[in-house]
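Shown here: coords-v3.txt, compact mmCIF, C-alpha atoms.
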```
# COMPACT_ATOMS: atom_id res chain seq x y z
CA MET A 21 113.01 77.48 122.50
CA PRO A 22 113.40 73.82 121.59
CA SER A 23 116.70 72.20 122.42
CA LEU A 24 119.11 71.04 119.77
CA LYS A 25 118.16 67.45 120.40
CA ASP A 26 114.47 68.25 119.92
CA LEU A 27 115.17 69.96 116.63
CA LYS A 28 117.26 67.07 115.44
CA ASN A 29 114.49 64.63 116.25
CA ARG A 30 111.97 66.82 114.49
CA ILE A 31 114.08 66.95 111.34
CA GLU A 32 114.50 63.17 111.34
CA SER A 33 110.77 62.65 111.73
CA VAL A 34 109.89 65.02 108.89
CA LYS A 35 112.49 63.32 106.75
CA SER A 36 110.92 59.92 107.25
CA THR A 37 107.48 61.39 106.51
CA ARG A 38 108.87 62.74 103.27
CA LYS A 39 110.20 59.32 102.38
CA ILE A 40 106.75 57.84 102.87
CA THR A 41 104.91 60.48 100.87
CA LYS A 42 107.48 60.25 98.11
CA ALA A 43 107.01 56.49 97.94
CA MET A 44 103.23 56.87 97.92
CA GLN A 45 103.47 59.39 95.13
CA MET A 46 105.47 57.01 93.01
CA VAL A 47 103.13 54.13 93.70
CA ALA A 48 100.16 56.33 92.79
CA ALA A 49 101.90 57.39 89.58
CA ALA A 50 102.41 53.78 88.55
CA LYS A 51 98.84 52.88 89.46
CA LEU A 52 97.55 55.92 87.66
CA ARG A 53 99.17 54.78 84.45
CA ARG A 54 97.53 51.40 84.76
CA ALA A 55 94.18 52.94 85.68
CA GLN A 56 94.36 55.24 82.71
CA GLU A 57 95.14 52.34 80.41
CA ALA A 58 92.17 50.44 81.81
CA ALA A 59 89.92 53.44 81.31
CA GLU A 60 91.19 53.80 77.78
CA ALA A 61 90.68 50.11 77.03
CA GLY A 62 87.11 50.30 78.24
CA ARG A 63 86.25 53.33 76.17
CA PRO A 64 85.54 51.73 72.76
CA TYR A 65 82.98 49.39 74.29
CA ALA A 66 81.20 52.11 76.24
CA GLU A 67 81.14 54.46 73.28
CA ARG A 68 79.77 51.94 70.81
CA PHE A 69 77.32 50.68 73.35
CA ASN A 70 76.01 54.14 74.13
CA ALA A 71 75.78 55.03 70.46
CA VAL A 72 73.65 52.00 69.70
CA MET A 73 71.56 52.50 72.81
CA ALA A 74 70.95 56.12 71.90
CA GLY A 75 69.58 55.01 68.56
CA LEU A 76 67.42 52.32 70.12
CA ALA A 77 66.22 54.52 72.94
CA ALA A 78 65.23 57.35 70.63
CA GLY A 79 63.04 54.94 68.70
CA ALA A 80 61.43 53.32 71.71
CA ALA A 81 61.06 56.23 74.13
CA ASP A 82 57.75 57.37 72.72
CA SER A 83 56.07 54.01 72.50
CA GLU A 84 53.65 52.93 75.20
CA SER A 85 55.42 49.68 75.87
CA ALA A 86 58.83 51.22 76.58
CA PRO A 87 60.58 49.31 79.36
CA LYS A 88 60.60 50.88 82.78
CA LEU A 89 64.36 51.13 82.82
CA LEU A 90 64.08 53.55 79.93
CA ALA A 91 60.81 55.34 80.50
CA GLY A 92 60.86 55.40 84.27
CA THR A 93 58.18 54.26 86.66
CA GLY A 94 56.07 57.29 85.99
CA SER A 95 56.95 58.97 89.23
CA ASP A 96 60.06 60.44 90.74
CA LYS A 97 59.21 60.15 94.38
CA THR A 98 62.10 58.05 95.59
CA HIS A 99 65.66 58.67 94.54
CA LEU A 100 68.55 56.29 94.87
CA ILE A 101 71.83 58.11 95.21
CA VAL A 102 74.87 55.99 94.50
CA VAL A 103 77.96 57.63 95.95
CA MET A 104 81.13 56.18 94.50
CA THR A 105 84.29 57.12 96.33
CA ALA A 106 87.65 55.56 97.04
CA GLU A 107 88.43 53.00 99.68
CA ARG A 108 91.34 54.99 101.00
CA GLY A 109 92.21 58.54 101.84
CA LEU A 110 95.41 60.56 101.50
CA CYS A 111 94.24 61.94 98.21
CA GLY A 112 93.48 65.57 98.88
CA GLY A 113 89.91 66.66 98.41
CA PHE A 114 88.98 63.76 96.14
CA ASN A 115 86.50 61.92 98.35
CA ALA A 116 85.21 65.08 99.96
CA SER A 117 84.35 66.70 96.66
CA ILE A 118 82.28 63.74 95.52
CA ALA A 119 80.54 63.54 98.88
CA ARG A 120 79.86 67.28 98.80
CA LYS A 121 78.31 67.10 95.35
CA ALA A 122 76.10 64.21 96.43
CA ARG A 123 75.18 65.95 99.67
CA ILE A 124 74.04 69.09 97.86
CA ARG A 125 71.83 67.00 95.59
CA ILE A 126 70.44 65.04 98.52
CA GLU A 127 69.56 68.20 100.39
CA GLU A 128 67.83 69.57 97.31
CA LEU A 129 65.78 66.42 96.98
CA LEU A 130 64.87 66.38 100.64
CA ALA A 131 63.83 70.01 100.45
CA GLU A 132 61.54 69.09 97.58
CA GLY A 133 59.94 66.48 99.77
CA LYS A 134 61.34 63.49 97.91
CA GLU A 135 62.50 60.32 99.51
CA VAL A 136 66.19 59.57 99.35
CA LYS A 137 68.05 56.30 99.59
CA ILE A 138 71.80 56.13 99.58
CA LEU A 139 73.98 53.32 98.34
CA THR A 140 77.67 53.84 98.99
CA VAL A 141 80.47 52.32 96.98
CA GLY A 142 83.80 52.79 98.69
CA LYS A 143 84.43 53.19 102.37
CA LYS A 144 85.40 56.85 102.46
CA GLY A 145 82.13 58.18 101.17
CA ARG A 146 80.20 56.12 103.69
CA ASP A 147 82.33 57.35 106.58
CA MET A 148 81.91 60.93 105.51
CA MET A 149 78.15 60.86 105.15
CA ARG A 150 77.26 58.49 107.95
CA ARG A 151 77.03 61.11 110.67
CA ASP A 152 74.19 63.20 109.29
CA LEU A 153 72.76 61.10 106.46
CA GLY A 154 73.20 57.66 107.98
CA GLN A 155 69.48 57.05 108.30
CA TYR A 156 69.09 57.06 104.50
CA PHE A 157 71.71 54.37 103.88
CA VAL A 158 70.33 51.24 102.26
CA GLY A 159 73.52 49.47 101.36
CA HIS A 160 77.24 49.52 100.90
CA VAL A 161 79.55 47.93 98.38
CA ASP A 162 83.00 47.12 99.66
CA LEU A 163 85.74 47.16 97.07
CA SER A 164 88.67 47.26 99.47
CA GLU A 165 89.62 43.67 98.65
CA VAL A 166 89.55 44.31 94.94
CA LYS A 167 92.99 44.71 93.45
CA ARG A 168 92.01 45.36 89.89
CA ILE A 169 88.55 46.57 89.01
CA GLY A 170 86.92 44.24 86.55
CA TYR A 171 83.65 44.22 84.73
CA GLY A 172 82.44 41.66 87.23
CA ASN A 173 82.54 44.25 90.02
CA ALA A 174 80.39 46.58 87.96
CA GLN A 175 77.98 43.74 87.22
CA ASP A 176 77.60 42.98 90.91
CA ILE A 177 76.79 46.60 91.71
CA ALA A 178 74.44 46.83 88.75
CA LYS A 179 72.67 43.66 89.84
CA ASP A 180 72.18 45.07 93.31
CA ILE A 181 70.71 48.27 91.90
CA LEU A 182 68.53 46.47 89.36
CA ASP A 183 67.16 44.11 92.00
CA ARG A 184 66.17 47.07 94.11
CA PHE A 185 64.58 48.72 91.09
CA ALA A 186 62.64 45.58 90.24
CA ALA A 187 61.42 45.45 93.83
CA GLY A 188 60.11 48.99 93.44
CA GLU A 189 62.44 50.47 96.01
CA PHE A 190 63.16 53.61 94.02
CA ASP A 191 62.18 55.50 90.87
CA VAL A 192 65.31 57.34 89.85
CA ALA A 193 68.94 56.35 90.30
CA THR A 194 71.86 58.70 90.01
CA ILE A 195 75.54 57.83 90.37
CA PHE A 196 78.10 60.26 91.75
CA TYR A 197 81.73 59.81 90.80
CA ALA A 198 84.73 61.85 89.72
CA GLU A 199 85.44 62.14 86.06
CA PHE A 200 89.12 62.04 85.21
CA GLN A 201 90.25 65.16 83.43
CA ASN A 202 93.96 65.11 84.13
CA VAL A 203 96.25 64.47 87.06
CA VAL A 204 95.34 67.65 88.88
CA THR A 205 91.69 68.01 87.88
CA GLN A 206 88.96 65.54 88.65
CA ILE A 207 85.42 66.70 88.14
CA PRO A 208 82.76 65.38 90.51
CA THR A 209 79.97 64.24 88.24
CA ALA A 210 76.38 63.19 88.66
CA LYS A 211 74.89 60.83 86.09
CA GLN A 212 71.38 59.51 86.00
CA ILE A 213 71.37 55.83 85.11
CA ILE A 214 67.73 54.87 85.75
CA PRO A 215 65.66 55.81 83.83
CA ALA A 216 68.44 55.64 81.28
CA ALA A 217 69.38 58.93 79.67
CA TYR A 218 71.29 58.37 76.46
CA ASP A 219 71.97 61.60 74.67
CA GLU A 220 72.43 61.15 71.00
CA GLY A 221 74.26 64.40 70.37
CA GLU A 222 77.67 63.21 71.49
CA GLU A 223 78.00 60.13 69.37
CA GLY A 224 75.54 61.19 66.70
CA ASP A 225 78.16 61.66 64.03
CA GLU A 226 79.80 58.27 64.39
CA ASP A 227 81.11 56.44 61.34
CA ALA A 228 79.14 55.03 58.46
CA GLY A 229 76.87 52.89 60.60
CA ALA A 230 75.12 55.65 62.49
CA GLY A 231 71.89 56.93 61.12
CA ALA A 232 71.37 53.85 59.00
CA LEU A 233 68.17 51.95 59.48
CA TYR A 234 68.92 48.69 61.19
CA ASP A 235 67.25 45.36 61.03
CA TYR A 236 66.77 44.08 64.53
CA GLU A 237 67.04 40.50 65.50
CA PRO A 238 65.15 39.14 67.45
CA SER A 239 63.10 42.37 67.72
CA GLU A 240 63.74 45.93 68.68
CA ASP A 241 61.88 45.56 71.97
CA ALA A 242 63.64 42.33 72.88
CA ILE A 243 67.03 43.82 72.17
CA LEU A 244 66.23 46.87 74.22
CA ALA A 245 65.02 44.75 77.11
CA ASP A 246 68.19 42.69 76.92
CA LEU A 247 70.56 45.61 76.64
CA LEU A 248 69.13 48.10 79.14
CA PRO A 249 70.29 46.16 82.21
CA ARG A 250 73.66 45.68 80.57
CA GLY A 251 73.72 49.43 79.97
CA VAL A 252 73.49 50.03 83.70
CA ALA A 253 76.49 47.77 84.26
CA THR A 254 78.40 49.47 81.48
CA GLN A 255 77.78 52.93 82.91
CA ILE A 256 78.82 51.80 86.36
CA PHE A 257 81.93 50.15 84.97
CA THR A 258 82.88 53.36 83.18
CA ALA A 259 82.31 55.31 86.39
CA LEU A 260 84.41 52.86 88.40
CA LEU A 261 87.29 53.14 85.97
CA GLU A 262 87.08 56.93 85.83
CA ASN A 263 86.92 57.04 89.60
CA ASN A 264 89.93 54.80 89.95
CA ALA A 265 92.00 56.91 87.59
CA SER A 266 90.82 60.07 89.34
CA PHE A 267 91.69 58.67 92.74
CA ASN A 268 95.21 57.79 91.75
CA GLY A 269 95.65 61.15 90.06
CA ALA A 270 94.40 62.97 93.13
CA GLN A 271 96.57 60.89 95.40
CA MET A 272 99.60 61.47 93.25
CA SER A 273 99.24 65.24 93.28
CA ALA A 274 98.36 65.29 96.99
CA MET A 275 101.46 63.26 97.78
CA ASP A 276 103.55 65.44 95.50
CA ASN A 277 102.43 68.48 97.49
CA ALA A 278 103.09 66.72 100.75
CA THR A 279 106.59 65.77 99.64
CA ARG A 280 107.32 69.36 98.66
CA ASN A 281 105.94 70.72 101.92
CA ALA A 282 108.05 68.27 103.88
CA GLY A 283 111.11 69.45 101.97
CA GLU A 284 110.37 73.07 102.83
CA MET A 285 109.86 72.17 106.44
CA ILE A 286 113.16 70.33 106.59
CA ASP A 287 114.93 73.39 105.16
CA LYS A 288 113.33 75.66 107.71
CA LEU A 289 114.09 73.36 110.61
CA THR A 290 117.67 72.91 109.45
CA ILE A 291 118.21 76.68 109.46
CA GLU A 292 116.74 76.91 112.92
CA TYR A 293 118.93 74.04 114.07
CA ASN A 294 122.08 75.66 112.70
CA ARG A 295 121.20 78.99 114.29
CA SER A 296 120.66 77.43 117.70
CA ARG A 297 123.88 75.51 117.40
CA GLN A 298 125.69 78.72 116.53
CA ALA A 299 124.07 80.48 119.47
CA VAL A 300 125.23 77.74 121.83
CA ILE A 301 128.80 78.01 120.55
CA THR A 302 128.77 81.80 120.86
CA ASN A 303 127.42 81.47 124.35
CA GLU A 304 130.19 79.10 125.38
CA LEU A 305 132.83 81.40 123.92
CA ILE A 306 131.44 84.37 125.84
CA GLU A 307 131.56 82.35 129.04
CA ILE A 308 135.17 81.29 128.49
CA ILE A 309 136.33 84.82 127.57
CA SER A 310 134.56 86.53 130.44
CA GLY A 311 135.90 83.83 132.77
CA ALA A 312 139.45 84.52 131.55
CA GLU A 313 139.03 88.29 131.93
CA ALA A 314 137.78 87.95 135.49
CA LEU A 315 141.03 86.37 136.59
CA MET B 26 86.73 37.89 46.12
CA ALA B 27 84.32 40.33 47.62
CA ASP B 28 85.35 43.29 49.69
CA ASN B 29 86.42 42.88 53.24
CA VAL B 30 84.67 44.23 56.31
CA GLN B 31 86.25 45.96 59.24
CA PHE B 32 85.82 43.63 62.18
CA ASP B 33 86.00 44.80 65.80
CA LEU B 34 85.53 42.68 68.87
CA VAL B 35 85.43 44.60 72.13
CA SER B 36 84.62 43.60 75.65
CA PRO B 37 84.18 46.12 78.46
CA GLU B 38 87.72 45.53 79.61
CA ARG B 39 89.66 45.40 76.40
CA ARG B 40 89.65 45.39 72.63
CA LEU B 41 90.28 41.83 71.53
CA ALA B 42 90.46 42.23 67.82
CA SER B 43 90.35 44.85 65.12
CA LEU B 44 91.12 43.64 61.64
CA GLU B 45 89.94 43.23 58.08
CA ALA B 46 87.83 40.12 57.71
CA SER B 47 86.25 38.50 54.72
CA SER B 48 83.35 37.10 56.72
CA VAL B 49 82.26 36.68 60.32
CA ASP B 50 80.08 33.93 61.77
CA ILE B 51 78.00 35.35 64.58
CA PRO B 52 76.10 33.32 67.15
CA GLY B 53 72.94 35.43 67.12
CA ALA B 54 70.18 35.00 69.66
CA ASP B 55 67.85 33.68 66.96
CA GLY B 56 70.46 31.56 65.22
CA ASP B 57 73.85 31.80 63.61
CA MET B 58 74.43 34.25 60.84
CA THR B 59 77.35 35.06 58.63
CA ALA B 60 78.11 38.66 57.90
CA MET B 61 80.02 39.66 54.78
CA ALA B 62 80.53 42.93 53.01
CA ASP B 63 77.36 44.79 51.98
CA HIS B 64 75.26 43.04 54.57
CA ALA B 65 72.07 44.90 55.41
CA PRO B 66 72.52 46.99 58.59
CA THR B 67 71.53 44.68 61.43
CA ILE B 68 71.72 44.62 65.16
CA THR B 69 71.40 41.28 66.86
CA THR B 70 71.87 40.13 70.42
CA LEU B 71 74.25 37.28 71.09
CA ARG B 72 73.76 33.91 72.66
CA PRO B 73 76.73 32.22 74.30
CA GLY B 74 78.62 30.71 71.43
CA LEU B 75 81.58 30.69 69.12
CA LEU B 76 82.36 33.68 66.98
CA LYS B 77 84.38 32.82 63.89
CA VAL B 78 86.32 35.43 61.99
CA HIS B 79 87.59 34.47 58.55
CA HIS B 80 90.36 36.67 57.30
CA ALA B 81 93.36 36.56 54.96
CA GLY B 82 95.56 34.90 57.56
CA GLY B 83 93.12 32.16 58.53
CA THR B 84 90.27 31.87 60.98
CA ASP B 85 90.11 33.18 64.52
CA GLU B 86 87.64 31.83 67.00
CA TYR B 87 86.35 33.54 70.10
CA LEU B 88 83.97 32.55 72.81
CA VAL B 89 81.44 35.32 73.33
CA SER B 90 78.58 35.69 75.74
CA GLY B 91 76.09 38.45 76.34
CA GLY B 92 76.01 41.60 74.28
CA PHE B 93 75.25 42.35 70.69
CA ALA B 94 76.67 42.66 67.20
CA GLU B 95 76.26 45.67 65.01
CA ILE B 96 76.53 44.87 61.33
CA THR B 97 76.75 47.47 58.62
CA ALA B 98 77.76 47.24 54.97
CA LYS B 99 81.39 47.94 55.79
CA SER B 100 81.87 46.86 59.36
CA VAL B 101 81.01 44.26 61.96
CA SER B 102 81.33 45.33 65.57
CA VAL B 103 80.76 42.77 68.25
CA LEU B 104 80.28 44.08 71.76
CA ALA B 105 80.38 41.14 74.10
CA GLU B 106 80.15 41.28 77.85
CA MET B 107 82.41 38.28 78.03
CA ALA B 108 84.82 37.48 75.23
CA ALA B 109 87.89 35.29 75.11
CA PRO B 110 90.02 33.68 72.40
CA ARG B 111 89.17 30.02 72.02
CA ALA B 112 92.59 28.97 73.27
CA GLU B 113 91.87 30.58 76.64
CA VAL B 114 88.56 28.81 77.11
CA ASP B 115 88.52 26.01 79.63
CA GLY B 116 86.08 24.11 81.77
CA ASP B 117 86.33 26.65 84.58
CA MET B 118 85.24 29.49 82.37
CA LEU B 119 82.29 27.59 80.96
CA GLY B 120 81.47 26.32 84.43
CA ARG B 121 81.29 29.85 85.76
CA LEU B 122 78.99 30.93 82.95
CA ARG B 123 76.86 27.88 83.56
CA ASP B 124 76.61 28.58 87.28
CA GLU B 125 75.48 32.11 86.55
CA ALA B 126 72.91 30.88 84.09
CA SER B 127 71.48 28.28 86.46
CA ALA B 128 71.33 30.84 89.26
CA ARG B 129 69.38 33.03 86.91
CA ALA B 130 67.07 30.17 85.96
CA GLU B 131 66.42 29.52 89.64
CA GLN B 132 65.73 33.17 90.28
CA VAL B 133 63.11 33.62 87.59
CA LYS B 134 61.37 30.32 88.22
CA GLY B 135 57.69 30.61 87.48
CA GLN B 136 57.93 33.56 85.13
CA ASP B 137 57.31 31.81 81.83
CA VAL B 138 59.22 33.97 79.41
CA GLU B 139 62.23 34.64 81.59
CA GLU B 140 62.50 31.06 82.71
CA ALA B 141 62.41 29.81 79.17
CA ALA B 142 65.10 32.32 78.22
CA ALA B 143 67.30 31.21 81.10
CA HIS B 144 66.93 27.56 80.16
CA LYS B 145 67.76 28.40 76.57
CA THR B 146 70.98 30.02 77.78
CA LEU B 147 71.77 26.88 79.74
CA ALA B 148 71.15 24.72 76.71
CA ASP B 149 73.29 27.03 74.59
CA LEU B 150 76.13 26.67 77.06
CA ASP B 151 75.86 22.91 77.11
CA ALA B 152 75.90 22.82 73.33
CA LEU B 153 78.92 25.05 73.36
CA GLY B 154 80.68 22.77 75.82
CA ARG B 155 80.08 19.81 73.51
CA GLU B 156 81.26 21.74 70.49
CA LEU B 157 84.48 22.69 72.22
CA ASN B 158 84.94 19.27 73.80
CA VAL B 159 85.24 20.88 77.19
CA SER B 160 83.57 19.18 80.08
CA VAL B 161 81.85 21.43 82.57
```
Rewrite the structure from the file as structure tokens, please.
Amino acid sequence: MPSLKDLKNRIESVKSTRKITKAMQMVAAAKLRRAQEAAEAGRPYAERFNAVMAGLAAGAADSESAPKLLAGTGSDKTHLIVVMTAERGLCGGFNASIARKARIRIEELLAEGKEVKILTVGKKGRDMMRRDLGQYFVGHVDLSEVKRIGYGNAQDIAKDILDRFAAGEFDVATIFYAEFQNVVTQIPTAKQIIPAAYDEGEEGDEDAGAGALYDYEPSEDAILADLLPRGVATQIFTALLENNASFNGAQMSAMDNATRNAGEMIDKLTIEYNRSRQAVITNELIEIISGAEAL
Amino acid sequence: MADNVQFDLVSPERRLASLEASSVDIPGADGDMTAMADHAPTITTLRPGLLKVHHAGGTDEYLVSGGFAEITAKSVSVLAEMAAPRAEVDGDMLGRLRDEASARAEQVKGQDVEEAAAHKTLADLDALGRELNVSV
């Protein structure tokens, strides 16, 4: 049985842990709001962009001269898996769930005899997969110094990926990230970005503009060639923003749980402490009384 | 006065403007164009340049670079990778764009079409700098 002093120390230590988790929860909540705003602000661009691209892609997909970014290289031998996770932990199963989703896909691909290359964005995903999949790593993007994710970050990642594609390093690229549903649910998502897959269904019934026949200037092909690389950056930017919001949501709820658990633990320890104290007092009384009786 | 068009200017990071405009001057890749109500549906890519929005309260000017404009009879949506109100534009901003463009020109050296395109972007930026009286 622990001594009273031990129990007291224990309670103090749990209390300071609770203070930390509580503070982290509040920081995450504030960051989450900002991340959500950023994700919201980025949405109109991504939606319009995808709607226009869907229209363009549908027209060009069948033609012989379709750009490689849209039509693919004609093979699907080598896959680039881009695993986007957070730079930090203490966020429940957030990083693990993305890594798991990517790992399942990688194992499938390997079983099919495909080649796999892994690009990690965010330290946690790299740490998690390094042990058994380390030999497939081709690169890592460090965002730990980035305070606020900007479009520039997405452009850098996109440029890296596009350069590799141009050099013929891979045929298909898929990004893995967590889509933000709400504070407690983040859905690990896989999205193929090269060759680009724009589904028309979602945005098909946009406002008046959709469905109209457009004049293209300079030409349809030139526009497509100009916009496809930008599309990659846009998709990555969306994923980064979603991921950021998801991370803060996950961290907030993880820290909320931790704070509650710490509270319960403090209650339990306090009861134990009081009981032991009582037992000590009773013990002393018994000693005094039996001492008095013996006289 | 003809009808107005719904004008939207969005960049990946934010929505810069959403208002009723009477006409919009767009720096298209093949040359400037002005979009008014009942314009034929057009999609054009942008060159780095000044976007001018004429509306009831005056004229707003924005620096835009990279992206495209989608014009329909009732709306003009400009999706620019980089967009900023003219007041925010300074030498640094143009300098950054110019550095990127010259890096690109260096990178595609020898590939005729790409190199020409990169040099056109550089020239566009220089012209823009002169127009804005900003030294790079």
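Minimum atom-to-atom distances from B:Ser127, B:Ser102, B:Thr59, B:Ser48 to chain A were compared using all atoms listed in the file, and the lowest value belongs to B:Ser102.
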Residues of chain A within 6 Å of chain B, counting all atoms listed in the file, what are they? List them as a PDB file with C-alpha atoms, in the coordinates of the input.
```pdb
ATOM      1  CA  ALA A  61      90.680  50.110  77.030  1.00  0.00           C
ATOM      2  CA  GLY A  62      87.110  50.300  78.240  1.00  0.00           C
ATOM      3  CA  TYR A  65      82.980  49.390  74.290  1.00  0.00           C
ATOM      4  CA  GLY A 229      76.870  52.890  60.600  1.00  0.00           C
ATOM      5  CA  TYR A 234      68.920  48.690  61.190  1.00  0.00           C
ATOM      6  CA  ASP A 235      67.250  45.360  61.030  1.00  0.00           C
ATOM      7  CA  TYR A 236      66.770  44.080  64.530  1.00  0.00           C
ATOM      8  CA  GLU A 237      67.040  40.500  65.500  1.00  0.00           C
TER       9      GLU A 237
END
```
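Of the residues listed (B:Asn158, B:Thr146, B:Gln31, B:Ser43), B:Thr146 shows the shortest atom-to-atom separation from B:Asp124; distances use only C-alpha atoms.
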Residue nearest A:Asn281 - candidates A:Ala77, A:Leu24, A:Val34, A:Ala312, atoms counted: all atoms listed in the file: A:Val34
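Between B:Thr84 and the residues B:Ala126, B:Ala46, B:Leu157, B:Leu150, the shortest atom-to-atom distance, using all atoms listed in the file, involves B:Ala46.
Closest to B:Leu75 among B:Met118, B:Asp63, B:Asp50, B:Lys134 is B:Asp50, based on only C-alpha atoms.
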